[in-house]
Amino acid sequence: MYAIGDVHGRADLLQETFAKIDNHRDAYPIANALEIMLGDYIDRGPSSFNVIELLSKRVSGGTICLKGNHEAFLLEFLKDPTILNEWQRCGGLETLASYGLEPSLDLSPEGQESLSATLAERLPAHHHNFLIALPLSFTLGDYFFVHAGVRPGVALSNQRAEDLLWIRQDFLRYEGSFGKFVVHGHTPVSEPEIRNNRINLDTGAFASGNLTCAVFEDDQISFL
């Protein structure tokens, strides 16, 4: 089982990581080996369009792609153009540029609406279908895969979408059991952070050039 941290527009690193996975699978054949992406495929980096293109093809081979808060931003912008200022502070302009748009930094409400409508036109149908189908979490055995984390003290089956996409300190500081071992991204760290109850695979790929892929085999965790 493979899990990959936040990509943030680095299609180059994603291609390299998929090549490493394919080589590893050839060297160590395992029937139905899962690949799980932990969200935040877009924004900040230069090639969000290409990342979604790669992933929308990869899912046909069984790869599981979870939703991140940045994908939520894009989908919300299509419904509510007024969130543009908030989205651009999180790297949204880079995503818009990757779809061929040239937004200014200070648009009027009418300009925001026009930009949202143009993005809807430029967004390929298979990209939109990919984005709206992203699940918030995935469970396998003793592992719970999610973008940001979970709310301590709340059953995994009762978690709120807002926490699964956005939570930080309340989750990161908690040292007790979550019921399952949580595999997540969302909060950049310099290297994979392994705790007794969770592992963080977001190594800030868009800035660091390091996209982390963890390999889970039995009770062992290694990295490609």
# chains A, B, ... in the order shown; residues from 1 in each chain; ligands from 1
$ closest_atom_pairs --of "segment 94-198 of chain A" --to "segment 28-49 of chain A" --cutoff "9 Å" --atoms "only C-alpha atoms" --output "tab-separated table"
residue	atom	partner	partner_atom	distance
A:Glu94	CA	A:Asp43	CA	5.7
A:Thr95	CA	A:Asp43	CA	5.0
A:Leu96	CA	A:Asp43	CA	8.5
A:Ala97	CA	A:Pro46	CA	8.2
A:Ser98	CA	A:Phe49	CA	5.5
A:Tyr99	CA	A:Phe49	CA	6.1
A:Leu123	CA	A:Phe49	CA	8.9
A:His127	CA	A:Phe49	CA	8.6
A:Leu134	CA	A:Gly39	CA	8.8
A:Leu136	CA	A:Gly39	CA	8.9
A:Ser137	CA	A:Leu38	CA	8.6
A:Phe138	CA	A:Ile36	CA	8.5
A:Phe145	CA	A:Leu38	CA	7.1
A:Val146	CA	A:Leu38	CA	6.1
A:His147	CA	A:Leu38	CA	5.1
A:Ala148	CA	A:Leu38	CA	8.5
A:Leu165	CA	A:Gly39	CA	8.9
A:Val183	CA	A:Leu38	CA	8.3
A:His184	CA	A:Leu38	CA	6.4
A:Gly185	CA	A:Leu38	CA	6.3
A:His186	CA	A:Asp40	CA	7.6
$ write_last_selection --atoms "C-alpha atoms" --output "mmCIF file, in the first residue's frame"
data_model
loop_
_atom_site.group_PDB
_atom_site.id
_atom_site.type_symbol
_atom_site.label_atom_id
_atom_site.label_comp_id
_atom_site.auth_asym_id
_atom_site.auth_seq_id
_atom_site.Cartn_x
_atom_site.Cartn_y
_atom_site.Cartn_z
ATOM 1 C CA GLU A 94 -1.393 29.721 -9.668
ATOM 2 C CA THR A 95 -4.189 27.232 -10.284
ATOM 3 C CA LEU A 96 -6.200 29.752 -12.311
ATOM 4 C CA ALA A 97 -3.093 30.521 -14.380
ATOM 5 C CA SER A 98 -2.567 26.815 -15.074
ATOM 6 C CA TYR A 99 -6.046 26.766 -16.644
ATOM 7 C CA LEU A 123 -12.319 23.262 -16.573
ATOM 8 C CA HIS A 127 -11.403 17.370 -14.265
ATOM 9 C CA LEU A 134 -13.194 12.955 -4.231
ATOM 10 C CA LEU A 136 -13.007 12.768 2.413
ATOM 11 C CA SER A 137 -11.386 9.663 3.900
ATOM 12 C CA PHE A 138 -10.523 6.034 3.320
ATOM 13 C CA PHE A 145 -6.389 7.980 5.511
ATOM 14 C CA VAL A 146 -7.462 11.626 5.474
ATOM 15 C CA HIS A 147 -6.186 14.997 4.314
ATOM 16 C CA ALA A 148 -5.826 17.089 7.483
ATOM 17 C CA LEU A 165 -10.085 19.047 5.569
ATOM 18 C CA VAL A 183 -2.229 8.813 7.724
ATOM 19 C CA HIS A 184 -2.491 12.497 6.745
ATOM 20 C CA GLY A 185 -0.929 15.550 5.137
ATOM 21 C CA HIS A 186 -2.016 19.241 5.246
#
$ select_by_dssp --residues "segment 72-141 of chain A" --states "helix (DSSP H, G or I)" --output "ChimeraX atom specification"
/A:72-79,81-89,92-98,109-122,125-132
$ residues_around --residues "Pro135 of chain A" --least-positions-apart "3" --cutoff "8 Å" --atoms "only C-alpha atoms" --output "ChimeraX atom specification"
/A:65-67,138
$ write_last_selection --atoms "N, CA and C atoms" --output "PDB file, in the first residue's frame"
ATOM      1  N   CYS A  65      -7.988   8.837  -4.603  1.00  0.00           N
ATOM      2  CA  CYS A  65      -7.613  10.233  -4.379  1.00  0.00           C
ATOM      3  C   CYS A  65      -8.589  10.874  -3.408  1.00  0.00           C
ATOM      4  N   LEU A  66      -8.075  11.348  -2.283  1.00  0.00           N
ATOM      5  CA  LEU A  66      -8.903  12.001  -1.282  1.00  0.00           C
ATOM      6  C   LEU A  66      -8.995  13.496  -1.536  1.00  0.00           C
ATOM      7  N   LYS A  67      -9.985  14.112  -0.960  1.00  0.00           N
ATOM      8  CA  LYS A  67     -10.196  15.549  -1.115  1.00  0.00           C
ATOM      9  C   LYS A  67      -9.371  16.320  -0.096  1.00  0.00           C
ATOM     10  N   PHE A 138     -10.541   7.429   3.753  1.00  0.00           N
ATOM     11  CA  PHE A 138     -10.523   6.034   3.320  1.00  0.00           C
ATOM     12  C   PHE A 138      -9.979   5.199   4.467  1.00  0.00           C
TER      13      PHE A 138
END
$ residues_around --residues "Cys213 of chain A" --least-positions-apart "5" --cutoff "12 Å" --atoms "only C-alpha atoms" --output "number ranges by chain"
A: 1-7, 13-14, 16-21, 24, 35-38, 183-185, 191-192, 199-203, 205, 221-224
$ write_last_selection --atoms "N, CA and C atoms" --output "compact mmCIF listing (two decimals), in the first residue's frame"
# COMPACT_ATOMS: atom_id res chain seq x y z
N MET A 1 0.84 -1.18 0.00
CA MET A 1 0.00 0.00 0.00
C MET A 1 0.89 1.25 0.00
N TYR A 2 0.56 2.18 -0.88
CA TYR A 2 1.34 3.41 -1.02
C TYR A 2 0.46 4.61 -0.66
N ALA A 3 1.04 5.60 0.01
CA ALA A 3 0.33 6.83 0.32
C ALA A 3 1.24 8.00 -0.02
N ILE A 4 0.66 9.01 -0.71
CA ILE A 4 1.44 10.14 -1.20
C ILE A 4 0.90 11.43 -0.60
N GLY A 5 1.82 12.28 -0.15
CA GLY A 5 1.47 13.54 0.50
C GLY A 5 1.06 14.62 -0.48
N ASP A 6 0.92 15.84 0.02
CA ASP A 6 0.40 16.98 -0.73
C ASP A 6 1.27 17.31 -1.94
N VAL A 7 0.65 17.43 -3.11
CA VAL A 7 1.36 17.65 -4.37
C VAL A 7 1.48 19.14 -4.69
N LEU A 13 7.08 16.30 -9.93
CA LEU A 13 7.36 15.40 -8.80
C LEU A 13 6.37 14.24 -8.77
N LEU A 14 5.12 14.51 -9.15
CA LEU A 14 4.11 13.45 -9.15
C LEU A 14 4.45 12.39 -10.19
N GLU A 16 7.42 11.65 -11.27
CA GLU A 16 8.58 10.90 -10.74
C GLU A 16 8.13 9.89 -9.69
N THR A 17 7.19 10.29 -8.85
CA THR A 17 6.72 9.40 -7.79
C THR A 17 5.96 8.22 -8.36
N PHE A 18 5.12 8.45 -9.36
CA PHE A 18 4.40 7.35 -9.99
C PHE A 18 5.38 6.39 -10.66
N ALA A 19 6.44 6.91 -11.24
CA ALA A 19 7.46 6.05 -11.85
C ALA A 19 8.14 5.18 -10.78
N LYS A 20 8.43 5.77 -9.63
CA LYS A 20 9.03 5.00 -8.53
C LYS A 20 8.09 3.90 -8.05
N ILE A 21 6.80 4.24 -7.93
CA ILE A 21 5.82 3.24 -7.50
C ILE A 21 5.74 2.10 -8.51
N HIS A 24 8.70 -0.05 -8.19
CA HIS A 24 8.63 -0.83 -6.96
C HIS A 24 7.65 -1.98 -7.10
N GLU A 35 -2.86 2.53 -4.08
CA GLU A 35 -2.22 3.84 -4.05
C GLU A 35 -3.24 4.84 -3.52
N ILE A 36 -2.85 5.62 -2.51
CA ILE A 36 -3.77 6.56 -1.89
C ILE A 36 -3.14 7.95 -1.88
N MET A 37 -3.82 8.89 -2.51
CA MET A 37 -3.39 10.29 -2.53
C MET A 37 -4.13 11.03 -1.41
N LEU A 38 -3.40 11.88 -0.68
CA LEU A 38 -3.95 12.49 0.53
C LEU A 38 -4.53 13.89 0.34
N VAL A 183 -3.21 8.43 8.74
CA VAL A 183 -2.23 8.81 7.72
C VAL A 183 -2.75 10.09 7.08
N HIS A 184 -1.98 11.19 7.15
CA HIS A 184 -2.49 12.50 6.75
C HIS A 184 -1.40 13.35 6.13
N GLY A 185 -1.83 14.53 5.63
CA GLY A 185 -0.93 15.55 5.14
C GLY A 185 -1.32 16.88 5.75
N GLU A 191 10.37 16.56 7.08
CA GLU A 191 10.49 15.14 6.74
C GLU A 191 9.29 14.41 7.33
N PRO A 192 8.95 13.23 6.83
CA PRO A 192 7.78 12.52 7.34
C PRO A 192 7.82 12.41 8.87
N ILE A 199 0.83 9.50 11.11
CA ILE A 199 2.01 9.86 10.32
C ILE A 199 1.63 10.99 9.37
N ASN A 200 2.47 12.00 9.30
CA ASN A 200 2.26 13.16 8.44
C ASN A 200 3.18 13.05 7.23
N LEU A 201 2.58 13.04 6.02
CA LEU A 201 3.36 12.86 4.79
C LEU A 201 3.47 14.13 3.96
N ASP A 202 3.03 15.27 4.50
CA ASP A 202 3.16 16.53 3.75
C ASP A 202 4.53 17.13 3.99
N THR A 203 5.40 17.00 3.00
CA THR A 203 6.76 17.55 3.13
C THR A 203 6.96 18.78 2.23
N ALA A 205 5.99 19.83 -0.84
CA ALA A 205 6.56 19.55 -2.16
C ALA A 205 6.70 20.78 -3.04
N ILE A 221 6.75 0.65 7.82
CA ILE A 221 6.59 1.82 6.97
C ILE A 221 7.94 2.19 6.42
N SER A 222 8.03 2.29 5.09
CA SER A 222 9.27 2.75 4.44
C SER A 222 8.90 3.83 3.44
N PHE A 223 9.91 4.38 2.77
CA PHE A 223 9.65 5.50 1.86
C PHE A 223 10.39 5.29 0.55
N LEU A 224 9.73 5.68 -0.55
CA LEU A 224 10.36 5.59 -1.87
C LEU A 224 11.16 6.85 -2.16
$ select_by_dssp --residues "segment 31-176 of chain A" --states "strand (DSSP E)" --output "list in words"
Glu35, Ile36, Met37, Ile64, Cys65, Ser137, Phe138, Thr139, Leu140, Tyr143, Phe144, Phe145 and Val146 of chain A
$ atom_distance --atom1 "atom CA of Phe216 of chain A" --atom2 "atom CA of Phe181 of chain A"
11.8 Å
$ atom_distance --atom1 "atom CA of Leu78 of chain A" --atom2 "atom CA of Gly9 of chain A"
19.2 Å
$ residues_around --residues "segment 101-112 of chain A" --least-positions-apart "5" --cutoff "9 Å" --atoms "only C-alpha atoms" --output "list in words"
Pro81, Thr82, Ile83, Leu84, Asn85, Gln88, Leu93, Thr95, Leu96, Ala117, Thr118, Leu119 and Arg122 of chain A
